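*Asks:* Input target_29.cif, format and content: mmCIF, C-alpha atoms and all ligand atoms.
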data_data
loop_
_atom_site.label_atom_id
_atom_site.label_comp_id
_atom_site.auth_asym_id
_atom_site.auth_seq_id
_atom_site.Cartn_x
_atom_site.Cartn_y
_atom_site.Cartn_z
CA MET K 1 0.00 0.00 0.00
CA LEU K 2 1.31 3.46 -0.93
CA HIS K 3 1.57 6.15 1.79
CA THR K 4 1.71 9.88 1.10
CA PRO K 5 4.95 11.10 2.64
CA PRO K 6 4.17 13.70 5.33
CA SER K 7 6.23 16.37 3.53
CA ALA K 8 4.09 15.95 0.39
CA ARG K 9 0.72 16.40 2.07
CA GLU K 10 -0.73 19.73 3.08
CA LYS K 11 -0.20 20.81 6.66
CA TYR K 12 -2.76 22.82 8.58
CA LEU K 13 -2.37 25.60 11.10
CA TYR K 14 -5.11 26.42 13.59
CA LEU K 15 -4.48 29.82 15.16
CA GLU K 16 -6.30 31.33 18.13
CA THR K 17 -5.79 35.00 18.87
CA PHE K 18 -6.55 36.56 22.25
CA GLY K 19 -6.62 40.22 23.24
CA CYS K 20 -5.75 43.37 21.37
CA GLN K 21 -5.34 44.48 17.77
CA MET K 22 -1.58 44.23 18.17
CA ASN K 23 -2.07 40.48 18.60
CA VAL K 24 -4.41 40.38 15.60
CA SER K 25 -1.68 42.04 13.56
CA ASP K 26 0.99 39.63 14.91
CA SER K 27 -1.29 36.73 13.99
CA GLU K 28 -1.41 37.95 10.38
CA LYS K 29 2.39 37.84 10.40
CA ILE K 30 2.41 34.35 11.93
CA VAL K 31 0.15 33.11 9.11
CA ASP K 32 2.47 34.67 6.51
CA LEU K 33 5.61 33.21 8.11
CA LEU K 34 4.21 29.71 8.44
CA LYS K 35 2.83 29.74 4.91
CA GLU K 36 6.46 29.81 3.79
CA ILE K 37 7.08 26.42 5.41
CA GLY K 38 3.92 24.88 4.02
CA TYR K 39 1.19 25.52 6.65
CA ARG K 40 -2.27 26.57 5.51
CA LEU K 41 -4.80 28.10 7.84
CA THR K 42 -7.77 25.97 8.92
CA GLN K 43 -10.84 26.90 10.97
CA ASP K 44 -11.08 23.34 12.32
CA SER K 45 -8.78 22.53 15.24
CA SER K 46 -9.34 18.78 14.84
CA GLN K 47 -7.80 18.98 11.33
CA ALA K 48 -4.70 20.85 12.53
CA ASP K 49 -1.07 19.67 12.43
CA LEU K 50 -0.04 22.79 14.33
CA ILE K 51 -2.07 24.76 16.88
CA ILE K 52 -0.84 28.16 18.02
CA LEU K 53 -2.35 30.30 20.75
CA ASN K 54 -1.35 33.95 20.40
CA THR K 55 -1.99 35.06 23.95
CA CYS K 56 -2.79 38.15 25.99
CA SER K 57 -2.00 38.75 29.66
CA ILE K 58 -3.35 42.27 30.00
CA ARG K 59 -6.20 41.04 32.22
CA SER K 60 -6.29 37.97 34.41
CA LYS K 61 -9.43 36.74 32.63
CA ALA K 62 -7.61 36.61 29.28
CA GLU K 63 -4.73 34.71 30.87
CA HIS K 64 -7.02 32.11 32.48
CA LYS K 65 -8.68 31.54 29.14
CA VAL K 66 -5.33 30.57 27.63
CA TYR K 67 -4.77 27.90 30.29
CA SER K 68 -8.24 26.49 29.86
CA GLN K 69 -7.76 26.31 26.06
CA LEU K 70 -4.45 24.50 26.54
CA GLY K 71 -6.31 21.96 28.68
CA ARG K 72 -8.76 21.37 25.81
CA TYR K 73 -5.98 20.84 23.25
CA ARG K 74 -4.39 18.22 25.48
CA GLU K 75 -7.12 15.86 24.33
CA LEU K 76 -6.35 16.53 20.65
CA LYS K 77 -2.67 15.87 21.40
CA SER K 78 -3.55 12.52 22.92
CA LEU K 79 -5.46 11.57 19.73
CA ASN K 80 -2.70 12.78 17.39
CA GLY K 81 0.85 12.31 18.67
CA ASP K 82 2.26 14.40 15.76
CA LEU K 83 0.20 17.48 16.62
CA ILE K 84 2.44 20.45 17.47
CA LEU K 85 1.21 22.88 20.10
CA GLY K 86 2.71 26.38 20.46
CA VAL K 87 2.07 29.44 22.62
CA GLY K 88 3.13 32.96 21.65
CA GLY K 89 2.33 36.51 22.75
CA CYS K 90 2.29 38.07 26.21
CA VAL K 91 1.70 34.95 28.36
CA ALA K 92 4.56 33.21 26.53
CA GLN K 93 6.78 36.25 27.12
CA GLN K 94 5.92 36.31 30.79
CA GLU K 95 6.32 32.59 31.44
CA GLY K 96 9.10 31.57 29.01
CA GLU K 97 10.65 28.13 29.72
CA ARG K 98 8.45 27.79 32.81
CA LEU K 99 5.49 27.27 30.50
CA LEU K 100 7.15 24.20 28.93
CA LYS K 101 7.54 22.76 32.42
CA LYS K 102 4.00 23.65 33.52
CA VAL K 103 2.47 22.22 30.34
CA PRO K 104 4.43 19.05 29.50
CA TYR K 105 2.56 18.47 26.23
CA LEU K 106 3.47 21.93 24.88
CA ASP K 107 6.12 22.06 22.12
CA ILE K 108 6.85 25.73 21.43
CA VAL K 109 6.94 28.96 23.45
CA PHE K 110 7.81 32.15 21.55
CA GLY K 111 7.88 35.68 22.92
CA THR K 112 6.68 38.99 21.51
CA HIS K 113 10.08 39.76 19.89
CA ASN K 114 10.62 36.27 18.49
CA LEU K 115 8.02 35.82 15.77
CA HIS K 116 10.77 35.60 13.16
CA LEU K 117 12.12 32.42 14.86
CA LEU K 118 8.82 30.59 14.63
CA PRO K 119 9.38 28.75 11.30
CA GLU K 120 12.67 27.37 12.63
CA MET K 121 11.04 26.33 15.92
CA VAL K 122 8.19 24.58 14.11
CA ARG K 123 10.70 22.68 11.93
CA ALA K 124 12.48 21.55 15.12
CA ALA K 125 9.18 20.54 16.72
CA GLU K 126 8.41 18.39 13.65
CA THR K 127 11.43 16.31 14.69
CA GLY K 128 10.30 16.18 18.32
CA GLU K 129 12.33 19.07 19.74
CA ARG K 130 10.64 21.35 22.30
CA SER K 131 11.89 24.95 22.55
CA ALA K 132 11.28 28.36 24.16
CA GLU K 133 12.57 31.68 22.76
CA VAL K 134 11.63 34.82 24.66
CA ALA K 135 14.71 37.07 24.56
CA PHE K 136 13.96 40.76 23.98
CA ILE K 137 15.75 42.20 20.97
CA ASP K 138 16.52 45.89 21.20
CA GLY K 139 18.19 48.53 19.05
CA GLU K 140 18.53 48.78 15.26
CA ILE K 141 18.48 45.03 14.70
CA ARG K 142 14.88 44.87 15.96
CA LEU K 143 13.77 47.23 13.19
CA ASP K 144 14.71 44.61 10.61
CA LEU K 145 12.67 41.97 12.40
CA PHE K 146 9.28 43.59 11.85
CA PRO K 147 8.05 41.22 9.16
CA ALA K 148 6.08 43.26 6.65
CA VAL K 149 2.75 41.59 5.98
CA ASP K 150 2.62 40.15 2.55
CA ALA K 151 -0.27 38.83 0.62
CA GLY K 152 -3.91 39.44 0.59
CA ALA K 153 -6.00 42.10 -0.99
CA GLU K 154 -8.01 42.85 2.12
CA VAL K 155 -9.84 46.16 1.94
CA SER K 156 -8.71 47.13 5.43
CA ARG K 157 -5.35 46.23 6.98
CA PHE K 158 -3.33 46.88 10.11
CA VAL K 159 0.15 48.33 9.81
CA THR K 160 2.42 48.19 12.84
CA VAL K 161 4.26 51.52 13.17
CA MET K 162 5.80 51.02 16.58
CA GLN K 163 6.05 48.40 19.29
CA GLY K 164 6.53 48.35 23.03
CA CYS K 165 5.86 51.08 25.55
CA ASP K 166 7.95 53.20 27.92
CA ASN K 167 5.07 54.62 29.94
CA PHE K 168 4.79 52.10 32.76
CA CYS K 169 1.24 52.91 33.78
CA ALA K 170 0.99 51.40 37.27
CA TYR K 171 -1.52 48.70 36.32
CA CYS K 172 -0.14 47.67 32.95
CA ILE K 173 1.86 44.60 32.01
CA VAL K 174 2.59 45.75 28.42
CA PRO K 175 6.04 47.36 29.00
CA HIS K 176 7.05 44.15 30.78
CA VAL K 177 5.90 41.79 28.03
CA ARG K 178 6.33 43.92 24.89
CA GLY K 179 9.59 45.64 25.85
CA ARG K 180 10.87 49.17 25.25
CA GLU K 181 9.22 51.44 22.74
CA ILE K 182 10.66 51.39 19.24
CA SER K 183 9.38 53.05 16.07
CA ARG K 184 9.70 51.49 12.63
CA ARG K 185 11.41 53.48 9.90
CA SER K 186 8.85 55.68 8.15
CA ALA K 187 10.32 54.72 4.76
CA ASP K 188 9.53 51.03 5.47
CA ILE K 189 6.01 51.83 6.69
CA LEU K 190 5.21 53.96 3.64
CA SER K 191 6.57 51.41 1.22
CA GLU K 192 4.50 48.66 2.91
CA ILE K 193 1.36 50.78 2.61
CA ARG K 194 2.07 51.62 -1.06
CA GLY K 195 2.32 47.87 -1.72
CA MET K 196 -0.98 47.25 0.08
CA ALA K 197 -2.68 50.03 -1.90
CA LYS K 198 -1.51 48.42 -5.17
CA ARG K 199 -3.02 45.09 -4.07
CA GLY K 200 -6.39 46.67 -3.31
CA THR K 201 -6.25 47.84 0.31
CA ARG K 202 -8.32 51.00 0.78
CA GLU K 203 -8.04 51.56 4.52
CA VAL K 204 -5.06 51.24 6.85
CA THR K 205 -5.04 51.31 10.65
CA LEU K 206 -1.67 52.40 12.00
CA LEU K 207 -0.98 50.35 15.06
CA GLY K 208 1.14 50.72 18.17
CA GLN K 209 0.86 50.72 21.96
CA ASN K 210 1.16 54.51 21.94
CA VAL K 211 1.15 55.72 18.34
CA ASN K 212 1.20 59.38 19.38
CA SER K 213 4.82 59.07 20.46
CA TYR K 214 5.83 57.55 17.10
CA GLY K 215 9.27 58.74 15.97
CA LEU K 216 9.94 60.98 18.97
CA LYS K 217 12.82 58.81 20.19
CA SER K 218 14.40 58.16 16.77
CA SER K 219 16.59 61.00 15.59
CA GLY K 220 15.74 62.32 12.14
CA GLU K 221 12.45 60.39 12.02
CA LEU K 222 9.02 61.88 11.22
CA ASP K 223 6.67 62.46 14.13
CA PHE K 224 3.23 60.82 14.07
CA ALA K 225 1.40 63.81 12.57
CA ALA K 226 3.97 64.01 9.74
CA LEU K 227 3.65 60.25 9.17
CA LEU K 228 -0.14 60.60 8.84
CA ARG K 229 0.30 63.38 6.28
CA GLU K 230 2.64 61.15 4.22
CA VAL K 231 0.23 58.19 4.37
CA ALA K 232 -2.57 60.51 3.20
CA ARG K 233 -0.55 61.22 0.03
CA ILE K 234 -0.58 57.56 -1.04
CA ASP K 235 -2.87 56.97 -4.04
CA GLY K 236 -5.48 54.28 -3.48
CA ILE K 237 -5.60 54.69 0.32
CA GLU K 238 -8.94 56.31 1.03
CA ARG K 239 -9.17 55.98 4.79
CA ILE K 240 -6.66 56.16 7.62
CA ARG K 241 -7.22 55.13 11.23
CA PHE K 242 -4.86 54.70 14.14
CA THR K 243 -4.83 53.10 17.54
CA THR K 244 -3.97 53.35 20.43
CA SER K 245 -3.55 56.94 21.54
CA HIS K 246 -2.17 58.11 24.84
CA PRO K 247 -4.02 61.31 25.83
CA ARG K 248 -0.83 62.91 27.18
CA ASP K 249 0.90 62.60 23.79
CA ILE K 250 -1.85 63.95 21.53
CA SER K 251 -0.02 66.95 20.02
CA PRO K 252 -1.55 70.09 18.46
CA GLY K 253 -0.01 68.84 15.19
CA LEU K 254 -1.96 65.59 15.44
CA ILE K 255 -5.20 67.43 16.28
CA ALA K 256 -4.60 69.65 13.22
CA CYS K 257 -4.53 66.49 11.04
CA PHE K 258 -8.22 65.98 11.88
CA ALA K 259 -8.94 69.42 10.46
CA ASP K 260 -6.69 69.06 7.39
CA LEU K 261 -6.80 65.43 6.23
CA PRO K 262 -10.16 64.26 4.84
CA LYS K 263 -8.76 60.70 4.59
CA LEU K 264 -8.30 60.57 8.35
CA CYS K 265 -11.41 58.89 9.76
CA SER K 266 -13.73 60.70 12.19
CA HIS K 267 -12.91 58.42 15.09
CA ILE K 268 -10.35 58.34 17.86
CA HIS K 269 -9.89 55.79 20.61
CA LEU K 270 -8.68 57.81 23.57
CA PRO K 271 -8.48 55.76 26.78
CA ALA K 272 -9.03 57.95 29.87
CA GLN K 273 -8.99 55.02 32.36
CA SER K 274 -10.43 57.23 35.15
CA GLY K 275 -12.09 60.60 35.61
CA SER K 276 -10.40 61.33 38.95
CA ASP K 277 -7.11 63.25 39.16
CA ARG K 278 -6.14 61.34 42.30
CA ILE K 279 -6.56 57.96 40.58
CA LEU K 280 -4.94 59.16 37.34
CA SER K 281 -1.90 60.15 39.38
CA LEU K 282 -1.81 56.76 41.16
CA MET K 283 -2.08 55.14 37.75
CA ASN K 284 0.93 57.19 36.53
CA ARG K 285 -1.01 58.31 33.46
CA GLY K 286 0.73 61.68 33.10
CA TYR K 287 -2.37 63.85 32.53
CA THR K 288 -5.21 65.31 34.56
CA ARG K 289 -8.93 65.18 33.96
CA GLY K 290 -8.69 68.83 32.82
CA ASP K 291 -5.92 68.01 30.28
CA TYR K 292 -7.99 65.15 28.92
CA LEU K 293 -11.16 67.21 28.53
CA ALA K 294 -9.22 70.07 26.88
CA LYS K 295 -7.86 67.65 24.26
CA VAL K 296 -11.31 66.20 23.66
CA ALA K 297 -12.66 69.74 23.13
CA SER K 298 -9.87 70.52 20.61
CA LEU K 299 -10.54 67.28 18.73
CA LYS K 300 -14.27 68.06 18.55
CA GLU K 301 -13.46 71.53 17.26
CA ALA K 302 -10.99 70.24 14.64
CA ARG K 303 -13.41 67.55 13.41
CA PRO K 304 -17.07 68.25 14.26
CA GLY K 305 -18.92 64.97 14.78
CA ILE K 306 -15.79 62.97 15.64
CA GLN K 307 -16.68 59.71 17.41
CA ILE K 308 -14.67 59.25 20.59
CA THR K 309 -14.31 55.84 22.20
CA GLY K 310 -12.32 54.97 25.31
CA ASP K 311 -11.31 52.55 28.04
CA MET K 312 -12.18 52.81 31.73
CA ILE K 313 -10.85 50.81 34.68
CA VAL K 314 -13.23 50.39 37.59
CA GLY K 315 -12.08 49.63 41.16
CA PHE K 316 -8.43 50.66 40.84
CA PRO K 317 -6.81 50.37 44.32
CA GLY K 318 -7.90 53.37 46.39
CA GLU K 319 -10.85 54.36 44.16
CA ASN K 320 -13.56 55.78 46.45
CA GLU K 321 -17.17 56.79 45.76
CA ASP K 322 -16.14 60.30 44.81
CA ASP K 323 -13.46 59.12 42.34
CA PHE K 324 -16.00 56.83 40.73
CA ALA K 325 -18.58 59.64 40.52
CA GLN K 326 -15.97 61.74 38.71
CA THR K 327 -15.45 58.94 36.20
CA LEU K 328 -19.20 58.83 35.47
CA GLN K 329 -19.24 62.59 35.09
CA LEU K 330 -16.30 62.57 32.69
CA MET K 331 -18.09 59.96 30.57
CA GLU K 332 -21.07 62.25 30.34
CA GLU K 333 -18.97 65.27 29.40
CA VAL K 334 -17.05 63.41 26.69
CA ASP K 335 -20.21 61.68 25.44
CA TYR K 336 -18.36 58.56 24.34
CA ALA K 337 -19.64 56.77 21.25
CA ASP K 338 -18.59 53.54 22.94
CA LEU K 339 -16.49 52.46 25.87
CA PHE K 340 -14.55 49.35 26.92
CA SER K 341 -14.70 49.01 30.68
CA PHE K 342 -13.12 46.51 33.03
CA ILE K 343 -12.74 45.71 36.68
CA TYR K 344 -9.14 46.27 37.78
CA SER K 345 -7.16 43.06 38.16
CA ALA K 346 -3.63 43.08 39.60
CA ARG K 347 -0.97 41.92 37.15
CA PRO K 348 2.09 40.42 38.87
CA GLY K 349 5.21 42.56 38.42
CA THR K 350 3.36 45.85 37.95
CA ARG K 351 3.54 48.73 40.46
CA ALA K 352 -0.18 48.64 41.29
CA ALA K 353 0.08 44.97 42.28
CA GLU K 354 1.79 46.23 45.45
CA PHE K 355 -1.01 48.70 46.28
CA ASP K 356 -3.61 47.89 48.95
CA ASP K 357 -6.70 46.76 47.10
CA GLU K 358 -9.40 47.13 49.76
CA LEU K 359 -12.53 47.44 47.68
CA GLY K 360 -14.56 44.22 47.66
CA ARG K 361 -15.37 42.30 44.50
CA ARG K 362 -19.09 42.99 44.93
CA GLU K 363 -18.63 46.78 45.11
CA LYS K 364 -16.40 46.70 42.05
CA GLN K 365 -19.00 44.68 40.15
CA GLU K 366 -21.76 47.10 41.18
CA ARG K 367 -19.72 50.07 39.98
CA LEU K 368 -18.96 48.36 36.68
CA ALA K 369 -22.63 47.47 36.16
CA MET K 370 -23.68 51.08 36.80
CA LEU K 371 -21.02 52.46 34.44
CA GLN K 372 -21.85 49.97 31.70
CA SER K 373 -25.57 50.56 31.92
CA GLN K 374 -25.09 54.34 31.57
CA GLN K 375 -22.77 53.84 28.61
CA ARG K 376 -25.13 51.32 26.97
CA GLU K 377 -27.88 53.93 26.94
CA ARG K 378 -25.52 56.51 25.49
CA THR K 379 -24.26 54.13 22.79
CA GLN K 380 -27.80 53.11 21.82
CA LYS K 381 -28.98 56.72 21.73
CA ARG K 382 -26.03 57.52 19.46
CA GLY K 383 -26.96 54.57 17.23
CA ARG K 384 -30.58 55.74 16.94
CA SER K 385 -29.38 59.23 15.97
CA PHE K 386 -28.03 57.76 12.70
CA VAL K 387 -31.45 56.41 11.62
CA GLY K 388 -32.61 58.30 8.51
CA THR K 389 -29.14 59.72 7.77
CA CYS K 390 -26.95 58.87 4.79
CA GLN K 391 -23.54 57.44 5.74
CA GLN K 392 -20.47 56.88 3.58
CA VAL K 393 -19.52 53.24 4.12
CA LEU K 394 -16.33 51.49 3.01
CA VAL K 395 -17.53 48.01 2.01
CA GLU K 396 -15.27 45.37 3.57
CA GLY K 397 -16.96 42.12 2.56
CA ASN K 398 -19.92 39.85 3.20
CA SER K 399 -21.69 40.22 6.51
CA LYS K 400 -22.07 37.21 8.82
CA ARG K 401 -25.80 37.45 8.06
CA GLY K 402 -26.15 35.88 4.65
CA GLY K 403 -26.94 38.04 1.63
CA GLN K 404 -25.69 41.28 3.15
CA LEU K 405 -22.54 43.34 2.82
CA THR K 406 -20.73 44.85 5.76
CA GLY K 407 -18.57 47.91 6.17
CA ARG K 408 -17.90 50.82 8.49
CA THR K 409 -18.64 54.49 8.58
CA SER K 410 -15.80 56.96 8.96
CA GLY K 411 -16.83 57.14 12.65
CA ASN K 412 -16.25 53.35 12.94
CA ARG K 413 -19.88 52.19 13.15
CA VAL K 414 -20.52 48.80 11.55
CA VAL K 415 -23.19 49.01 8.82
CA ASN K 416 -24.82 46.00 7.16
CA PHE K 417 -26.93 46.33 4.02
CA PRO K 418 -28.12 44.22 1.09
CA GLY K 419 -25.85 44.47 -1.94
CA ASP K 420 -23.64 42.48 -4.26
CA CYS K 421 -19.98 41.72 -3.81
CA THR K 422 -18.81 43.93 -6.70
CA LEU K 423 -19.12 46.78 -4.19
CA VAL K 424 -16.40 45.37 -1.92
CA GLY K 425 -13.57 47.90 -1.63
CA ARG K 426 -15.75 50.87 -2.60
CA VAL K 427 -17.08 53.72 -0.50
CA VAL K 428 -20.86 53.83 -1.01
CA GLY K 429 -23.73 55.88 0.36
CA VAL K 430 -26.06 53.94 2.67
CA ARG K 431 -29.29 55.23 4.18
CA ILE K 432 -29.58 53.98 7.76
CA ALA K 433 -32.92 52.30 8.48
CA ARG K 434 -32.39 50.65 11.89
CA ALA K 435 -30.00 50.75 14.81
CA TYR K 436 -29.01 47.60 16.72
CA PRO K 437 -26.82 47.60 19.84
CA ASN K 438 -23.63 46.88 17.89
CA SER K 439 -24.42 47.74 14.30
CA LEU K 440 -26.63 49.68 11.91
CA LEU K 441 -28.80 48.31 9.12
CA GLY K 442 -29.25 50.29 5.93
CA GLU K 443 -29.97 50.31 2.23
CA LEU K 444 -27.79 51.35 -0.65
CA ILE K 445 -28.59 54.77 -2.05
S1 LIG M 1 0.49 53.62 27.71
FE1 LIG M 1 0.18 52.67 29.72
S2 LIG M 1 -1.64 51.38 29.41
FE2 LIG M 1 -0.85 51.86 27.38
S3 LIG M 1 0.52 50.16 26.88
FE3 LIG M 1 1.79 51.76 27.79
S4 LIG M 1 1.90 51.24 29.95
FE4 LIG M 1 0.18 50.09 29.10
#
Here is a file; write its structure as structure tokens.
Ligand code: SF4
*Replies:*
Amino acid sequence: MLHTPPSAREKYLYLETFGCQMNVSDSEKIVDLLKEIGYRLTQDSSQADLIILNTCSIRSKAEHKVYSQLGRYRELKSLNGDLILGVGGCVAQQEGERLLKKVPYLDIVFGTHNLHLLPEMVRAAETGERSAEVAFIDGEIRLDLFPAVDAGAEVSRFVTVMQGCDNFCAYCIVPHVRGREISRRSADILSEIRGMAKRGTREVTLLGQNVNSYGLKSSGELDFAALLREVARIDGIERIRFTTSHPRDISPGLIACFADLPKLCSHIHLPAQSGSDRILSLMNRGYTRGDYLAKVASLKEARPGIQITGDMIVGFPGENEDDFAQTLQLMEEVDYADLFSFIYSARPGTRAAEFDDELGRREKQERLAMLQSQQRERTQKRGRSFVGTCQQVLVEGNSKRGGQLTGRTSGNRVVNFPGDCTLVGRVVGVRIARAYPNSLLGELI
């Protein structure tokens, strides 16, 4: 009987991504890198020859989820002895070799600076070798390790412009697991975006932990506002977004871009984290409530109708009733289009993990529920305000609901509407007929 040699048959990669957009972008690179050694993406974990979890440790919930998923894949490993199991991202960075010891059926652990080593590690795992690579790589050499994403003619793509963070907010694990801040060369970023535009990309989201400080620590480099102006000159790119912004580093030059660059979308994600000066100072955020509100006012003046979204942490150590009331008040003043809110959870190794955390779980949950219910009303009211208006929508593809297309407004609202796929990649006018909690429904004009 003839057997297909393993090297001649197709190999499948099942990839699970946890957490932020930075991880989504890294996952795109992982797919590209592993394609070069013969792995094709599958949506079915039971078909996989290689399973990779690209992990997040920003909140304890995300971290626990990784361990419970690893438990589930143990069963697949016991059914298929050749299955390779790998963990990357922030949990891998944090745990390193320890993770191989904790999880004896795990084959690969790769850190946030070691994506480029993954093909080699997978090859080694194919011969039964287990390995962990989590060394940080700093300086010029790291700039050459940002794999540019290849392939694909997706309408909307992420482009990493910088990595790491030097801010050390008291609660945040990112500087510990992503390393020091480093900005890519603007020439490389612009050439990557030109290539994407030629392949059909119409919208780019410039990505980094703190994009507003792009270039400030690299001599002779553009600053972020200048980078945006250069991206706006690229033919074929019709929309530009960026995330994430640190309120302290929003410069007048960046605010002016919202007035001057029509391609820059009418949306900014501007995490406040708290509305209380006392808590902001304990968090080491580097701005006051007044600074934050002044920047919001300037943004609204530069781009009337701009949609502002944010993040809020509830129950940070020391947060009292008055601090929490100030957070609710700030939310009302900003009038957020949407808000991501979380209960504070201590991350080992961060400064806040040493703070006394006296507030009980129940009080924290009550505060979160109150904050989320107020924001839900605001978000839904905002959604209803679009009903009857005409919105310019960049069509990204088919909606999950059959027979409809999906896209986003400049303000980042998801819009679904009936239409045919020849419209994908085009900006079309859609009249909004209904508002749902997370999307709008419309019809093509
Ligand atoms: S700015 Fe603060 S919250 Fe954001 S990644 Fe850096 S340390 Fe974390």
*Asks:* Expressed in Å to a single decimal, how great is the separation between CA of Arg194 in chain K and CA of Leu33 in chain K?
*Replies:*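 Taking CA of Arg194 in chain K and CA of Leu33 in chain K, their separation equals 20.9 Å.
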*Asks:* Tell me, counting only C-alpha atoms and all ligand atoms, for each residue of chain K within 8 Å of ligand LIG 1 (chain M), which pair of atoms is nearest and how far apart they are in Å to one decimal, in rows ordered by chain and increasing number, as a Markdown table.
*Replies:*
| residue | atom | partner | partner_atom | distance |
| --- | --- | --- | --- | --- |
| K:Gly164 | CA | M:LIG1 | S3 | 7.4 |
| K:Cys165 | CA | M:LIG1 | FE3 | 4.7 |
| K:Asp166 | CA | M:LIG1 | FE3 | 6.3 |
| K:Asn167 | CA | M:LIG1 | S4 | 4.6 |
| K:Phe168 | CA | M:LIG1 | S4 | 4.1 |
| K:Cys169 | CA | M:LIG1 | FE1 | 4.2 |
| K:Ala170 | CA | M:LIG1 | S4 | 7.4 |
| K:Tyr171 | CA | M:LIG1 | S2 | 7.4 |
| K:Cys172 | CA | M:LIG1 | FE4 | 4.6 |
| K:Ile173 | CA | M:LIG1 | FE4 | 6.4 |
| K:Val174 | CA | M:LIG1 | FE4 | 5.0 |
| K:Pro175 | CA | M:LIG1 | S4 | 5.8 |
| K:Gln209 | CA | M:LIG1 | S3 | 5.0 |
| K:Asn210 | CA | M:LIG1 | S1 | 5.9 |
| K:Thr244 | CA | M:LIG1 | FE2 | 7.8 |
| K:His246 | CA | M:LIG1 | S1 | 6.0 |
| K:Arg285 | CA | M:LIG1 | FE1 | 6.9 |
*Asks:* Take CA of Pro104 in chain K and CA of Leu79 in chain K and report the distance between them in Å, one decimal.
*Replies:*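 These atoms are spaced 15.8 Å apart.
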*Asks:* Need the axis-aligned box for range 333-343 of chain K with 3 Å each side, so what are the centre and edges in Å to one decimal, as JSON?
*Replies:*
{"center_x": -16.5, "center_y": 55.5, "center_z": 29.0, "size_x": 13.5, "size_y": 25.6, "size_z": 21.4}
*Asks:* For a quick check of understanding, using only C-alpha atoms, which of K:Gly349, K:Asp26, K:Asp322, K:Ser341 has the smallest distance to Gln94 in chain K?
*Replies:*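 Using only C-alpha atoms, Gln94 in chain K sits closest to K:Gly349.
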*Asks:* From the set K:Ile182, K:Val334, K:Val314, K:Ala135, which residue has the shortest atom-to-atom contact distance to Ala297 in chain K, counting only C-alpha atoms?
*Replies:* K:Val334
*Asks:* Would you please work out which residue, of K:Cys265, K:Ala259, K:Ser251, K:Val177, is nearest to Glu301 in chain K when using only C-alpha atoms?
*Replies:* K:Ala259
*Asks:* My list of candidates is K:Val296, K:Cys20, K:Ala232, K:Val430. Which is closest to Pro247 in chain K when distances are computed with only C-alpha atoms?
*Replies:*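 Looking only at the distances to Pro247 in chain K, the closest residue turns out to be K:Val296.
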*Asks:* Between CA of Pro317 in chain K and CA of Gln21 in chain K, what distance in Å does the model show, to one decimal?
*Replies:*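 CA of Gln21 in chain K lies at a distance of 27.2 Å from CA of Pro317 in chain K.
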*Asks:* Considering all atoms listed in the file, can you say which of K:Val66, K:Val87, K:Val415, K:Val134 comes closest to Arg401 in chain K?
*Replies:* K:Val415
*Asks:* Here is a test: counting all atoms listed in the file, which residue of K:Leu34, K:Leu115, K:Ile268, K:Val122 is nearest to Ile255 in chain K?
*Replies:*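 For Ile255 in chain K, the nearest of the candidates is K:Ile268.
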